[in-house]
Amino acid sequence: MKALSIEQLEKLFVGGDFLKPTEFALVKEKAGGTGMSIPDAVVDLGYLSDAQVGRLIAEELGYRFVDLLKTKIDHPTLHLLPEAAAISQKTVIWKRNAEGVFVATTDPDNLEFLRLLKKRFREPVMVAFATKYGITEALRGYQKDWIDQIVARLEKMKVNPQDEDVVSLVQLVLSAAYEQRASDIHIEPEREEAVVRFRIDGVMQERVRYPIAFHEKVVFRIKILARLRTDEHASAQDGRFELRVGPNLLNVRVSILPITHGENVVMRLLSEQFQRLRLEDLGMQEDDLERIKRAAELPHGMILATGPTGSGKTTTLYAVIHILNQPDVNVMTIEDPVEYDISGVRQIQVNPRTNLTYDAGLKSIVRQDPDVIMVGEIRDAETAGIAVNAALTGHLMLSTLHSNDAPTAFPRLAEMGIEPFLVASSVNVIVGQRLVRRICSDCLGSYQLSEEEYEAVSQDSALLALIRKIGGKKDLARTQFYKGMGCTACGHTGYRGRSGLFEVLQVSESLRPLIVNKATSLDIRSLAIKEGMRTMVEDGVEKVFKGVTTIMEVLRATKA
């Protein structure tokens with residue numbers, strides 16, 4: 001929807017005698033200082049109710065208004081639209097009858113999505129305008145419904161446990177995790193109960209508990225799905241299975257490990273949507289994107305992604321592969337594990353039991369006439385040596401490496417016994433990265449640091465200097481930052497989704513002599529910054545003032 005301009009809103013509120021000019025001036029000031037929209041600021045200041053604002057805007061746009069703050073939507077109707085779609089499109093289905101499907105949305109001119117709904121339901125779709133607060137309240141029903149369904153299933157199992165109840169319970173947990181954007185499900189046995197926790201945006205959140213008596217059956221069902229041995233309880237097992245949740249295919253990677261009170265289950269959820277991630281979707285800034293794209297266009301050399309476990313390194317390499325995956329290019333990978341099947345790419349799964357290790361697999365790959373090779377991780381001297389040699393002999397090599405930042409990748413490779421002159425000749429670009437949680441766009445607002453936050457930030461002199469430089473103020477206590485205030489869309493955490501912090505080090509002709517002469521990572525960093533490298537901390541602070549993430553997230557991620 002083309003949002004109403006400030007002039008149109010002023011005419012609507014002031015011209016219609018709903019607000020005085022002085023009140024509208026305060027509304028604009030509030031909106032400008034907090035990132036709120038003008039209508040939200042009107043409600044927040046108490047000049048009009050949410051319903052009054054909604055009716056006025058709906059009438060101006062020529063649509064019916066539905067007050068979702070006072071409209072109860074039953075479970076089957078709400079779930080006609082998957083939660084992920086409802087959140088992303090800010091749309092809910094609030095009624096369905098013989099006339100058709102009734103849709104409430106903040107964007108009634110989202111014609112493409114409405115066409116998709118008509119095609120899906122094959123019946124008339126009636127559109128009404130709803131406010132952001134109304135949609136947020138309606139979305140609350142999804143999370144409550146999932147937990148209510150799981151609890152109801154557990155209560156039924158307590159009375160008369162049946163195998164189909166266990167099947168339904170596992171399906172409900174998987175569906176709830178997907179709808180709530182969880183990356184992992186942890187099912188952890190304790191003495192009396194088993195605890196189900198979801199990892200959402202990198203943070204563990206408890207969802208439900210069930211009696212330990214049901215745990216063996218739950219694990220049995222997961223083993224069946226993952227084709228694991230159901231009679232094995234004393235050894236670790238790994239497997240995977242596919243599951244369709246609504247229109248989306250979910251790839252679930254399973255790890256089962258015996259612990260004190262039973263078998264601990266961790267399931268990693270890998271959505272097919274991940275396969276379509278582009279470099280542009282990862283949160284890189286334009287100049288960093290261009291550096292990586294230029295390196296990907298070279299016929300040989302190495303692109304390395306560095307950072308700790310869980311920093312998104314493999315995601316970055318997959319995004320590069322999607323650029324390179326063309327009919328006239330032979331792309332091969334060796335991974336542990338293969339997370340996604342990519343059409344057109346030959347992928348090898350590491351299997352130590354058959355001696356298919358990284359170094360053995362890589363030796364075989366180079367005899368398969370590849371143009372591009374991806375090695376999931378350089379872990380040892382032999383793999384590093386083969387990778388560097390391949391990069392020097394006409395192959396474009398992609399891999400990950402554990403190091404704190406981009407410059408320390410050079411001494412890390414030297415520790416593996418790779419001659420510095422070979423490193424200088426083979427490496428084109430190193431991407432250092434971390435992941436931070438994104439501020440929820442639905443409840444973003446400005447604020448000033450608390451006493452504890454002020455203390456933490458002020459102790460980091462480098463971070464403080466960047467805040468003053470980029471934020472344009474010397475007084476930290478009076479600097480306006482952003483955070484999520486908490487709403488249904490983000491589960492009242494203030495965060496929804498994640499973004500990367502990056503530093504992209506391009507190996508230039510002036511940097512190569514430093515690498516050859518075993519210069520320290522500090523010297524390499526200093527020259528790279530002079531040549532235009534943006535550090536991860538600097539990237540983070542820029543994103544803080546753009547309202548992408550919070551200053552405390554940057555501090556947490558870059559000090560890890």
# chains A, B, ... in the order shown; residues from 1 in each chain; ligands from 1
$ select_by_dssp --residues "segment 103-335 of chain A" --states "strand (DSSP E or B)" --output "ChimeraX atom specification"
/A:103-105,125-129,182-189,193-200,203-211,237-245,248-259,262-271,301-306,331-335
$ closest_atom_pairs --of "segment 193-296 of chain A" --to "segment 319-334 of chain A" --cutoff "12 Å" --atoms "only C-alpha atoms" --output "JSON lines"
{"residue": "A:Phe274", "atom": "CA", "partner": "A:Ala319", "partner_atom": "CA", "distance": 9.5}
{"residue": "A:Gln275", "atom": "CA", "partner": "A:Ala319", "partner_atom": "CA", "distance": 8.3}
{"residue": "A:Arg276", "atom": "CA", "partner": "A:Ala319", "partner_atom": "CA", "distance": 8.1}
{"residue": "A:Leu277", "atom": "CA", "partner": "A:Ala319", "partner_atom": "CA", "distance": 6.1}
{"residue": "A:Arg278", "atom": "CA", "partner": "A:Ala319", "partner_atom": "CA", "distance": 5.1}
{"residue": "A:Leu279", "atom": "CA", "partner": "A:Ala319", "partner_atom": "CA", "distance": 5.3}
{"residue": "A:Glu280", "atom": "CA", "partner": "A:Ala319", "partner_atom": "CA", "distance": 8.8}
{"residue": "A:Asp281", "atom": "CA", "partner": "A:Ala319", "partner_atom": "CA", "distance": 9.0}
{"residue": "A:Leu282", "atom": "CA", "partner": "A:Ala319", "partner_atom": "CA", "distance": 8.7}
{"residue": "A:Met284", "atom": "CA", "partner": "A:Ala319", "partner_atom": "CA", "distance": 11.9}
{"residue": "A:Leu289", "atom": "CA", "partner": "A:Val320", "partner_atom": "CA", "distance": 10.4}
{"residue": "A:Glu290", "atom": "CA", "partner": "A:Val320", "partner_atom": "CA", "distance": 11.9}
{"residue": "A:Arg291", "atom": "CA", "partner": "A:Val320", "partner_atom": "CA", "distance": 11.9}
{"residue": "A:Ile292", "atom": "CA", "partner": "A:Val320", "partner_atom": "CA", "distance": 8.2}
{"residue": "A:Lys293", "atom": "CA", "partner": "A:Val320", "partner_atom": "CA", "distance": 8.0}
{"residue": "A:Arg294", "atom": "CA", "partner": "A:Val320", "partner_atom": "CA", "distance": 11.1}
{"residue": "A:Ala295", "atom": "CA", "partner": "A:Val320", "partner_atom": "CA", "distance": 10.0}
{"residue": "A:Ala296", "atom": "CA", "partner": "A:Val320", "partner_atom": "CA", "distance": 7.2}
$ atom_distance --atom1 "atom CA of Gly32 of chain A" --atom2 "atom CA of Glu286 of chain A"
26.5 Å
$ select_by_dssp --residues "segment 441-557 of chain A" --states "helix (DSSP H, G or I)" --output "PyMOL selection string"
chain A and resi 451-458+461-471+476-478+488-490+512-516+521-530+536-545+551-557
$ atom_distance --atom1 "atom CA of Ile93 of chain A" --atom2 "atom CA of Glu112 of chain A"
16.3 Å
$ residues_around --residues "segment 113-125 of chain A" --least-positions-apart "3" --cutoff "12 Å" --atoms "only C-alpha atoms" --output "number ranges by chain"
A: 1, 80-82, 85-86, 88-105, 107-110, 128, 247
$ residues_around --residues "segment 175-180 of chain A" --least-positions-apart "4" --cutoff "8 Å" --atoms "only C-alpha atoms" --output "VMD selection string"
chain A and resid 82 to 84 143 146 to 147 171 184 to 185 198 200 245 269
$ residues_around --residues "His261 of chain A" --least-positions-apart "4" --cutoff "12 Å" --atoms "only C-alpha atoms" --output "number ranges by chain"
A: 187-195, 212-213, 215-216, 233-234, 257
$ atom_distance --atom1 "atom CA of Phe13 of chain A" --atom2 "atom CA of Ala138 of chain A"
26.2 Å
